[in-house]
$ cat my_file-v2.pdb   # PDB, C-alpha atoms
ATOM      1  CA  MET A 142     -13.040  43.664  89.121
ATOM      2  CA  LEU A 143     -12.352  45.620  92.327
ATOM      3  CA  THR A 144     -11.729  49.312  91.713
ATOM      4  CA  GLY A 145     -11.182  52.300  93.981
ATOM      5  CA  HIS A 146      -8.673  53.376  96.605
ATOM      6  CA  ALA A 147      -7.914  52.598 100.245
ATOM      7  CA  LEU A 148     -11.090  54.282 101.547
ATOM      8  CA  TRP A 149     -13.558  53.330  98.798
ATOM      9  CA  ALA A 150     -13.958  50.372  96.480
ATOM     10  CA  SER A 151     -16.500  48.840  94.117
ATOM     11  CA  CYS A 152     -16.858  45.643  92.153
ATOM     12  CA  SER A 153     -19.262  44.373  89.498
ATOM     13  CA  THR A 154     -19.213  41.047  87.689
ATOM     14  CA  ARG A 155     -21.708  42.019  85.010
ATOM     15  CA  ASP A 156     -19.203  43.109  82.370
ATOM     16  CA  LEU A 157     -16.728  40.262  82.955
ATOM     17  CA  VAL A 158     -16.401  37.193  80.772
ATOM     18  CA  PRO A 159     -17.945  34.114  82.434
ATOM     19  CA  GLY A 160     -14.617  32.524  83.328
ATOM     20  CA  ASP A 161     -13.433  35.614  85.237
ATOM     21  CA  ARG A 162     -16.577  36.361  87.180
ATOM     22  CA  LEU A 163     -16.296  33.908  90.089
ATOM     23  CA  PRO A 164     -12.567  34.415  90.868
ATOM     24  CA  SER A 165     -12.980  38.196  90.624
ATOM     25  CA  TRP A 166     -15.974  38.144  92.963
ATOM     26  CA  GLN A 167     -14.175  35.954  95.479
ATOM     27  CA  ARG A 168     -11.158  38.300  95.462
ATOM     28  CA  ALA A 169     -13.429  41.307  95.953
ATOM     29  CA  LEU A 170     -15.183  39.792  98.970
ATOM     30  CA  SER A 171     -11.891  38.617 100.488
ATOM     31  CA  ARG A 172     -10.231  42.002 100.115
ATOM     32  CA  THR A 173     -13.241  43.925 101.378
ATOM     33  CA  PHE A 174     -14.148  41.710 104.345
ATOM     34  CA  VAL A 175     -12.074  38.614 105.217
ATOM     35  CA  ASP A 176     -10.727  35.669 103.235
ATOM     36  CA  VAL A 177     -13.617  33.532 101.985
ATOM     37  CA  GLU A 178     -14.401  30.908  99.371
ATOM     38  CA  VAL A 179     -17.348  31.434  97.016
ATOM     39  CA  THR A 180     -19.275  28.727  95.229
ATOM     40  CA  VAL A 181     -22.146  29.011  92.753
ATOM     41  CA  GLU A 182     -24.317  26.536  90.882
ATOM     42  CA  GLN A 183     -23.011  26.502  87.348
ATOM     43  CA  ASP A 184     -26.467  25.952  85.831
ATOM     44  CA  ARG A 185     -28.003  29.004  87.524
ATOM     45  CA  PRO A 186     -27.323  32.600  86.451
ATOM     46  CA  TRP A 187     -25.797  34.881  89.079
ATOM     47  CA  ASP A 188     -23.957  38.176  89.386
ATOM     48  CA  GLY A 189     -22.455  40.343  92.109
ATOM     49  CA  GLU A 190     -22.343  44.059  92.885
ATOM     50  CA  LEU A 191     -20.337  45.520  95.762
ATOM     51  CA  THR A 192     -19.568  48.999  97.035
ATOM     52  CA  ALA A 193     -17.572  49.573 100.208
ATOM     53  CA  GLU A 194     -16.272  52.604 102.039
ATOM     54  CA  ARG A 195     -14.169  53.030 105.154
ATOM     55  CA  LEU A 196     -15.682  55.700 107.387
ATOM     56  CA  GLY A 197     -13.830  56.322 110.620
ATOM     57  CA  VAL A 198     -13.788  53.149 112.721
ATOM     58  CA  LEU A 199     -16.336  51.487 110.420
ATOM     59  CA  GLN A 200     -16.314  49.874 107.046
ATOM     60  CA  ILE A 201     -19.736  50.052 105.424
ATOM     61  CA  ALA A 202     -20.532  47.954 102.368
ATOM     62  CA  THR A 203     -23.591  47.218 100.272
ATOM     63  CA  GLN A 204     -23.488  43.855  98.543
ATOM     64  CA  GLU A 205     -25.818  42.233  96.003
ATOM     65  CA  PHE A 206     -25.106  38.623  95.180
ATOM     66  CA  GLY A 207     -26.749  35.293  94.604
ATOM     67  CA  PRO A 208     -27.553  32.585  94.334
ATOM     68  CA  GLY A 209     -24.407  31.146  95.873
ATOM     69  CA  THR A 210     -22.524  30.286  99.059
ATOM     70  CA  VAL A 211     -19.816  32.171 100.950
ATOM     71  CA  LEU A 212     -17.608  30.067 103.217
ATOM     72  CA  ARG A 213     -14.957  31.133 105.705
ATOM     73  CA  GLY A 214     -13.373  27.839 106.626
ATOM     74  CA  ALA A 215     -10.702  26.918 109.128
ATOM     75  CA  ARG A 216      -7.983  27.328 106.494
ATOM     76  CA  SER A 217      -9.108  30.892 105.726
ATOM     77  CA  VAL A 218      -9.251  31.760 109.436
ATOM     78  CA  ALA A 219      -5.698  30.493 109.930
ATOM     79  CA  ALA A 220      -4.364  32.369 106.884
ATOM     80  CA  ASP A 221      -6.163  35.677 107.487
ATOM     81  CA  PRO A 222      -5.507  37.463 110.821
ATOM     82  CA  ARG A 223      -8.446  39.856 110.602
ATOM     83  CA  THR A 224     -10.779  39.379 113.565
ATOM     84  CA  HIS A 225     -13.534  41.915 112.941
ATOM     85  CA  LEU A 226     -17.218  41.383 113.541
ATOM     86  CA  LEU A 227     -19.415  41.440 110.463
ATOM     87  CA  VAL A 228     -22.856  42.910 111.078
ATOM     88  CA  ARG A 229     -25.274  41.990 108.307
ATOM     89  CA  ARG A 230     -28.482  43.954 107.812
ATOM     90  CA  GLN A 231     -30.676  42.207 105.237
ATOM     91  CA  LEU A 232     -32.245  44.674 102.782
ATOM     92  CA  GLU A 233     -33.790  42.453 100.089
ATOM     93  CA  GLY A 234     -34.184  38.728  99.660
ATOM     94  CA  THR A 235     -33.090  36.122 102.186
ATOM     95  CA  ALA A 236     -29.840  34.756 103.590
ATOM     96  CA  ARG A 237     -28.964  31.843 105.859
ATOM     97  CA  LEU A 238     -26.024  32.382 108.239
ATOM     98  CA  LEU A 239     -24.358  29.452 110.019
ATOM     99  CA  GLN A 240     -21.819  29.820 112.837
ATOM    100  CA  ASP A 241     -21.117  28.276 116.246
ATOM    101  CA  GLY A 242     -23.669  25.514 115.677
ATOM    102  CA  ARG A 243     -26.552  27.906 114.998
ATOM    103  CA  THR A 244     -28.430  28.985 111.874
ATOM    104  CA  ALA A 245     -29.982  32.423 111.357
ATOM    105  CA  GLU A 246     -32.579  32.852 108.601
ATOM    106  CA  LEU A 247     -32.494  36.517 107.624
ATOM    107  CA  HIS A 248     -35.346  38.330 105.928
ATOM    108  CA  PRO A 249     -35.546  42.013 104.977
ATOM    109  CA  GLY A 250     -35.108  44.114 108.116
ATOM    110  CA  ASP A 251     -33.299  41.407 110.085
ATOM    111  CA  LEU A 252     -29.768  41.797 111.417
ATOM    112  CA  ALA A 253     -27.164  39.263 112.531
ATOM    113  CA  PHE A 254     -23.546  39.179 113.705
ATOM    114  CA  LEU A 255     -20.718  36.966 112.430
ATOM    115  CA  ASP A 256     -17.318  36.632 114.085
ATOM    116  CA  ALA A 257     -14.472  36.548 111.541
ATOM    117  CA  ARG A 258     -12.197  34.780 114.024
ATOM    118  CA  ARG A 259     -14.162  31.545 113.607
ATOM    119  CA  PRO A 260     -15.509  29.660 110.564
ATOM    120  CA  PHE A 261     -18.892  30.616 109.152
ATOM    121  CA  ARG A 262     -21.062  29.968 106.109
ATOM    122  CA  ILE A 263     -23.551  32.207 104.298
ATOM    123  CA  VAL A 264     -26.053  30.497 102.001
ATOM    124  CA  LEU A 265     -27.908  32.687  99.512
ATOM    125  CA  PRO A 266     -30.727  30.784  97.781
ATOM    126  CA  ASP A 267     -31.460  33.616  95.340
ATOM    127  CA  ARG A 268     -30.215  37.058  94.466
ATOM    128  CA  GLN A 269     -30.394  39.318  97.519
ATOM    129  CA  ARG A 270     -29.063  42.623  98.823
ATOM    130  CA  ALA A 271     -27.554  43.379 102.220
ATOM    131  CA  ARG A 272     -25.641  46.082 104.054
ATOM    132  CA  ILE A 273     -22.613  44.829 105.963
ATOM    133  CA  LEU A 274     -20.789  46.749 108.667
ATOM    134  CA  MET A 275     -17.285  45.628 109.572
ATOM    135  CA  VAL A 276     -16.471  46.574 113.173
ATOM    136  CA  PRO A 277     -13.298  45.980 115.248
ATOM    137  CA  ARG A 278     -14.379  43.416 117.834
ATOM    138  CA  ALA A 279     -12.864  45.338 120.763
ATOM    139  CA  LEU A 280     -15.209  48.290 120.168
ATOM    140  CA  LEU A 281     -18.286  46.246 121.080
ATOM    141  CA  ARG A 282     -16.787  45.417 124.508
ATOM    142  CA  LEU A 283     -18.047  41.835 124.481
ATOM    143  CA  GLU A 284     -16.575  38.921 126.368
ATOM    144  CA  GLU A 285     -15.837  35.732 124.427
ATOM    145  CA  ARG A 286     -18.749  33.883 126.000
ATOM    146  CA  GLN A 287     -21.056  36.681 124.858
ATOM    147  CA  LEU A 288     -19.704  36.534 121.319
ATOM    148  CA  HIS A 289     -20.364  32.810 121.204
ATOM    149  CA  ALA A 290     -23.947  33.453 122.332
ATOM    150  CA  LEU A 291     -24.443  36.286 119.825
ATOM    151  CA  THR A 292     -23.335  34.941 116.457
ATOM    152  CA  ALA A 293     -25.863  33.624 113.915
ATOM    153  CA  THR A 294     -28.886  34.762 115.918
ATOM    154  CA  VAL A 295     -31.567  36.904 114.316
ATOM    155  CA  VAL A 296     -31.997  40.444 115.618
ATOM    156  CA  ASP A 297     -35.538  41.413 114.621
ATOM    157  CA  GLU A 298     -36.459  45.088 114.486
ATOM    158  CA  ARG A 299     -40.079  44.124 115.158
ATOM    159  CA  ALA A 300     -39.182  42.619 118.531
ATOM    160  CA  GLU A 301     -39.472  44.406 121.849
ATOM    161  CA  GLY A 302     -36.418  45.828 123.550
ATOM    162  CA  ALA A 303     -33.422  47.797 122.364
ATOM    163  CA  ALA A 304     -33.360  46.289 118.873
ATOM    164  CA  GLY A 305     -36.849  47.474 117.979
ATOM    165  CA  LEU A 306     -35.994  50.996 119.043
ATOM    166  CA  LEU A 307     -32.446  51.227 117.743
ATOM    167  CA  LEU A 308     -32.326  49.414 114.408
ATOM    168  CA  PRO A 309     -34.345  52.063 112.526
ATOM    169  CA  LEU A 310     -32.108  54.715 114.085
ATOM    170  CA  LEU A 311     -29.066  52.687 113.052
ATOM    171  CA  ASP A 312     -30.097  52.768 109.400
ATOM    172  CA  GLY A 313     -30.465  56.534 109.455
ATOM    173  CA  LEU A 314     -27.127  57.021 111.167
ATOM    174  CA  VAL A 315     -25.303  54.780 108.702
ATOM    175  CA  ASP A 316     -26.722  56.835 105.836
ATOM    176  CA  GLU A 317     -25.693  60.021 107.631
ATOM    177  CA  VAL A 318     -22.143  58.728 108.181
ATOM    178  CA  ALA A 319     -21.820  58.125 104.447
ATOM    179  CA  ARG A 320     -22.941  61.693 103.682
ATOM    180  CA  ALA A 321     -21.085  63.502 106.453
ATOM    181  CA  GLY A 322     -17.907  65.459 106.028
ATOM    182  CA  PRO A 323     -14.643  64.300 107.573
ATOM    183  CA  ALA A 324     -15.098  66.432 110.700
ATOM    184  CA  ARG A 325     -18.338  64.660 111.757
ATOM    185  CA  ARG A 326     -17.684  61.243 110.293
ATOM    186  CA  GLU A 327     -15.653  59.804 113.161
ATOM    187  CA  GLN A 328     -18.163  60.975 115.779
ATOM    188  CA  LEU A 329     -21.117  59.535 113.856
ATOM    189  CA  ALA A 330     -19.284  56.268 113.235
ATOM    190  CA  ARG A 331     -18.696  55.848 116.958
ATOM    191  CA  THR A 332     -22.374  56.496 117.616
ATOM    192  CA  VAL A 333     -23.192  53.676 115.209
ATOM    193  CA  VAL A 334     -20.778  51.407 117.094
ATOM    194  CA  ASP A 335     -22.384  52.344 120.436
ATOM    195  CA  ILE A 336     -25.811  51.369 119.066
ATOM    196  CA  LEU A 337     -24.440  48.075 117.783
ATOM    197  CA  ALA A 338     -22.865  47.426 121.185
ATOM    198  CA  THR A 339     -26.191  47.971 122.956
ATOM    199  CA  VAL A 340     -28.032  45.674 120.537
ATOM    200  CA  ALA A 341     -25.305  43.040 120.829
ATOM    201  CA  LEU A 342     -25.391  43.092 124.629
ATOM    202  CA  GLU A 343     -29.133  42.591 124.668
ATOM    203  CA  GLN A 344     -28.982  39.876 122.022
ATOM    204  CA  SER A 345     -26.277  37.949 123.871
ATOM    205  CA  GLY A 346     -28.426  37.828 127.012
ATOM    206  CA  ARG A 347     -26.682  40.557 128.978
ATOM    207  CA  PRO A 348     -28.843  43.461 130.149
ATOM    208  CA  PRO A 349     -27.870  46.698 128.394
ATOM    209  CA  GLU A 350     -25.907  49.155 130.459
ATOM    210  CA  PRO A 351     -24.510  52.607 129.737
ATOM    211  CA  ALA A 352     -21.583  52.052 127.410
ATOM    212  CA  ASP A 353     -19.171  53.941 129.609
ATOM    213  CA  LEU A 354     -20.411  52.772 133.038
ATOM    214  CA  TRP A 355     -17.537  50.363 133.655
ATOM    215  CA  GLU A 356     -14.989  52.961 132.557
ATOM    216  CA  ARG A 357     -16.558  55.671 134.720
ATOM    217  CA  ILE A 358     -16.634  53.479 137.809
ATOM    218  CA  THR A 359     -13.081  52.157 137.448
ATOM    219  CA  GLU A 360     -11.660  55.608 136.700
ATOM    220  CA  SER A 361     -13.385  56.998 139.784
ATOM    221  CA  VAL A 362     -12.103  54.158 141.973
ATOM    222  CA  ARG A 363      -8.537  54.569 140.682
ATOM    223  CA  ALA A 364      -8.659  58.224 141.723
ATOM    224  CA  ARG A 365      -9.730  57.252 145.275
ATOM    225  CA  LEU A 366      -7.606  54.193 145.993
ATOM    226  CA  GLY A 367      -6.051  55.952 149.000
ATOM    227  CA  GLU A 368      -9.388  56.268 150.791
ATOM    228  CA  PRO A 369      -9.517  53.532 153.475
ATOM    229  CA  GLY A 370     -13.323  53.548 153.472
ATOM    230  CA  LEU A 371     -13.587  52.888 149.744
ATOM    231  CA  GLY A 372     -15.970  49.930 149.649
ATOM    232  CA  PRO A 373     -18.747  48.547 147.437
ATOM    233  CA  GLN A 374     -21.557  50.546 149.039
ATOM    234  CA  THR A 375     -19.595  53.803 148.741
ATOM    235  CA  ILE A 376     -18.864  53.100 145.090
ATOM    236  CA  ALA A 377     -22.468  52.158 144.316
ATOM    237  CA  ASP A 378     -23.828  55.267 146.040
ATOM    238  CA  ARG A 379     -21.385  57.524 144.201
ATOM    239  CA  HIS A 380     -22.611  56.241 140.836
ATOM    240  CA  GLY A 381     -26.311  56.012 141.626
ATOM    241  CA  ILE A 382     -26.657  52.244 141.204
ATOM    242  CA  SER A 383     -27.683  49.458 143.543
ATOM    243  CA  LEU A 384     -25.110  47.424 145.421
ATOM    244  CA  ARG A 385     -26.393  44.276 143.710
ATOM    245  CA  TYR A 386     -25.961  45.815 140.257
ATOM    246  CA  LEU A 387     -22.415  46.915 141.115
ATOM    247  CA  HIS A 388     -21.488  43.366 142.102
ATOM    248  CA  GLN A 389     -23.071  42.033 138.884
ATOM    249  CA  LEU A 390     -21.073  44.510 136.832
ATOM    250  CA  PHE A 391     -17.774  43.349 138.320
ATOM    251  CA  GLN A 392     -18.805  39.703 137.954
ATOM    252  CA  ARG A 393     -19.263  40.297 134.231
ATOM    253  CA  HIS A 394     -15.596  41.251 134.149
ATOM    254  CA  ASP A 395     -14.679  38.029 135.995
ATOM    255  CA  THR A 396     -13.751  39.726 139.272
ATOM    256  CA  THR A 397     -15.232  41.152 142.467
ATOM    257  CA  VAL A 398     -15.258  44.710 143.740
ATOM    258  CA  GLY A 399     -12.922  43.895 146.628
ATOM    259  CA  ALA A 400     -10.461  41.927 144.495
ATOM    260  CA  TRP A 401     -10.321  44.618 141.821
ATOM    261  CA  VAL A 402      -9.699  47.417 144.351
ATOM    262  CA  ARG A 403      -7.095  45.376 146.253
ATOM    263  CA  THR A 404      -5.207  44.555 143.046
ATOM    264  CA  ARG A 405      -5.114  48.180 141.914
ATOM    265  CA  ARG A 406      -3.888  49.273 145.371
ATOM    266  CA  LEU A 407      -1.137  46.651 145.366
ATOM    267  CA  GLU A 408      -0.064  47.664 141.864
ATOM    268  CA  ALA A 409       0.170  51.310 142.925
ATOM    269  CA  ALA A 410       2.150  50.455 146.072
ATOM    270  CA  HIS A 411       4.411  48.123 144.083
ATOM    271  CA  GLU A 412       5.316  50.993 141.764
ATOM    272  CA  GLU A 413       5.769  53.574 144.514
ATOM    273  CA  LEU A 414       8.069  51.380 146.620
ATOM    274  CA  VAL A 415      10.778  51.475 143.960
ATOM    275  CA  HIS A 416      10.402  55.103 142.891
ATOM    276  CA  PRO A 417      13.517  57.105 143.887
ATOM    277  CA  ALA A 418      11.409  60.082 144.933
ATOM    278  CA  THR A 419       9.637  58.038 147.618
ATOM    279  CA  ALA A 420      12.645  56.136 148.988
ATOM    280  CA  HIS A 421      12.367  58.069 152.290
ATOM    281  CA  ARG A 422       8.859  56.712 152.973
ATOM    282  CA  SER A 423       8.504  53.628 155.118
ATOM    283  CA  VAL A 424       6.686  50.569 153.862
ATOM    284  CA  ALA A 425       3.881  51.293 156.327
ATOM    285  CA  ALA A 426       3.554  54.846 154.998
ATOM    286  CA  VAL A 427       3.316  53.598 151.425
ATOM    287  CA  ALA A 428       0.694  51.052 152.475
ATOM    288  CA  ALA A 429      -1.367  53.709 154.225
ATOM    289  CA  ARG A 430      -1.094  56.034 151.230
ATOM    290  CA  TRP A 431      -2.869  53.383 149.102
ATOM    291  CA  GLY A 432      -5.675  52.584 151.522
ATOM    292  CA  PHE A 433      -4.213  49.744 153.599
ATOM    293  CA  THR A 434      -4.960  50.358 157.288
ATOM    294  CA  SER A 435      -3.005  47.303 158.483
ATOM    295  CA  PRO A 436       0.703  47.019 157.567
ATOM    296  CA  SER A 437       0.677  43.289 158.279
ATOM    297  CA  HIS A 438      -2.318  42.728 156.010
ATOM    298  CA  PHE A 439      -0.594  44.767 153.296
ATOM    299  CA  SER A 440       2.589  42.689 153.585
ATOM    300  CA  ARG A 441       0.668  39.413 153.322
ATOM    301  CA  ALA A 442      -1.322  40.569 150.313
ATOM    302  CA  PHE A 443       1.826  41.939 148.646
ATOM    303  CA  ARG A 444       3.669  38.645 149.142
ATOM    304  CA  ASP A 445       0.727  36.646 147.805
ATOM    305  CA  MET A 446       0.671  38.750 144.630
ATOM    306  CA  TYR A 447       4.391  39.285 143.979
ATOM    307  CA  GLY A 448       6.099  36.399 145.770
ATOM    308  CA  MET A 449       8.179  38.578 148.091
ATOM    309  CA  SER A 450       7.641  41.053 150.902
ATOM    310  CA  PRO A 451       7.442  44.817 150.214
ATOM    311  CA  ALA A 452      10.843  45.306 151.880
ATOM    312  CA  GLN A 453      12.428  42.582 149.764
ATOM    313  CA  TRP A 454      10.990  44.111 146.614
ATOM    314  CA  ARG A 455      12.349  47.542 147.521
ATOM    315  CA  ARG A 456      15.819  46.138 148.248
ATOM    316  CA  ALA A 457      15.900  44.092 145.050
ATOM    317  CA  ALA A 458      14.917  47.108 142.968
ATOM    318  CA  GLY A 459      17.546  49.259 144.690
ATOM    319  CA  THR A 460      20.252  46.684 143.998
ATOM    320  CA  ALA A 461      19.228  46.529 140.350
ATOM    321  CA  ARG A 462      19.457  50.318 140.003
ATOM    322  CA  ALA A 463      22.903  50.336 141.615
ATOM    323  CA  HIS A 464      24.211  47.990 138.932
TER     324      HIS A 464
END
$ encode --input "my_file-v2.pdb" --output "structure tokens"
Amino acid sequence: MLTGHALWASCSTRDLVPGDRLPSWQRALSRTFVDVEVTVEQDRPWDGELTAERLGVLQIATQEFGPGTVLRGARSVAADPRTHLLVRRQLEGTARLLQDGRTAELHPGDLAFLDARRPFRIVLPDRQRARILMVPRALLRLEERQLHALTATVVDERAEGAAGLLLPLLDGLVDEVARAGPARREQLARTVVDILATVALEQSGRPPEPADLWERITESVRARLGEPGLGPQTIADRHGISLRYLHQLFQRHDTTVGAWVRTRRLEAAHEELVHPATAHRSVAAVAARWGFTSPSHFSRAFRDMYGMSPAQWRRAAGTARAH
């Protein structure tokens, strides 16, 4: 049975009567991770041991189970809204993970990702032991196409690249998170997530980049939207990267440098035009304040984005306030 509290739980089937073991194990896995169905071969002995702890943004669990199969089918996905990523680090024995049309054969030391938002299957031919990290999908900063390329692929610590360097460090950090006091736990947990994000980016075919590069660049650009000369080369030089790499970075976010800057400028002007404190400023002055050197170009771009001219928008907002 599953015992513990909101931040820690454990389950063992060893002391349960045979008829209670499978339903209890299935409930334990579903409560700890996501809704799943468990099947075992009735003529083969099996048992399950599970410990899980929530540590900051992570849930870390160690699970021993097998032989058997764990299935998250379409019905479970529809009934269970949890959309975390499950990161499985095989410790002993073997496991076969199936998702998105791929199969990953895990051996001790291997790691693989599963996306709880889509069906998956885990086949365990014999008793095995694994560590499973449950991570909010947003923290890995992956696009959907990258997630589809990542799931059920083997990350081998013996391979070259980030995985070979970071997976041993990951194990040590996970152990340290479990031992750390509350003050350090959140910081260490986020370090673990950053390592997972780097490994995931490399595994999905995207070159690793500093985790905060996109945030640093966009924050810097937002602070300089009023500079008329703010262009791709200026931005690239400010952040010490090549112009080509800057364009690639924005392409990964399904946009271009020019389109992103223009949209942010239009959004800022859109907000300022209806602010009571700036009612005395002309449309041209507002346009210039947000980096538009041509009032006519600003008006065309504004109309294309909002379906009306800047003057019409200002009048409509004023009429709405008056009522």
$ resolve_selection --input "my_file-v2.pdb" --expression "the PyMOL selection byres ((chain A and resi 231) around 9)" --output "VMD selection string"
chain A and resid 229 to 230 232 to 236 247 to 253 269 to 273
$ resolve_selection --input "my_file-v2.pdb" --expression "the PyMOL selection byres ((chain A and resi 439-455) around 7)" --output "list in words"
Leu407, Leu414, Val415, Val424, Ala428, Phe433, Ser435, Pro436, Ser437, His438, Arg456, Ala457, Ala458 and Gly459 of chain A
$ closest_residue --input "my_file-v2.pdb" --among "A:Leu239, A:Leu226, A:Cys152, A:Val427" --to "Thr192 (chain A)" --atoms "only C-alpha atoms"
A:Cys152
$ closest_residue --input "my_file-v2.pdb" --among "A:Ala429, A:Leu342, A:Ile358, A:Ile336" --to "Leu307 (chain A)" --atoms "all atoms listed in the file"
A:Ile336
$ resolve_selection --input "my_file-v2.pdb" --expression "the PyMOL selection byres ((chain A and resi 211) around 9)" --output "short mmCIF file (atom, residue, chain, number, x, y, z; two decimals) with C-alpha atoms, in the frame of the given file"
data_model
loop_
_atom_site.label_atom_id
_atom_site.label_comp_id
_atom_site.auth_asym_id
_atom_site.auth_seq_id
_atom_site.Cartn_x
_atom_site.Cartn_y
_atom_site.Cartn_z
CA GLN A 167 -14.18 35.95 95.48
CA VAL A 177 -13.62 33.53 101.98
CA GLU A 178 -14.40 30.91 99.37
CA VAL A 179 -17.35 31.43 97.02
CA THR A 180 -19.27 28.73 95.23
CA GLY A 209 -24.41 31.15 95.87
CA THR A 210 -22.52 30.29 99.06
CA LEU A 212 -17.61 30.07 103.22
CA ARG A 213 -14.96 31.13 105.70
CA PHE A 261 -18.89 30.62 109.15
CA ARG A 262 -21.06 29.97 106.11
CA ILE A 263 -23.55 32.21 104.30
CA VAL A 264 -26.05 30.50 102.00
CA LEU A 265 -27.91 32.69 99.51
#
$ atom_distance --input "my_file-v2.pdb" --atom1 "CA of Ala341 (chain A)" --atom2 "CA of Arg393 (chain A)"
15.0 Å
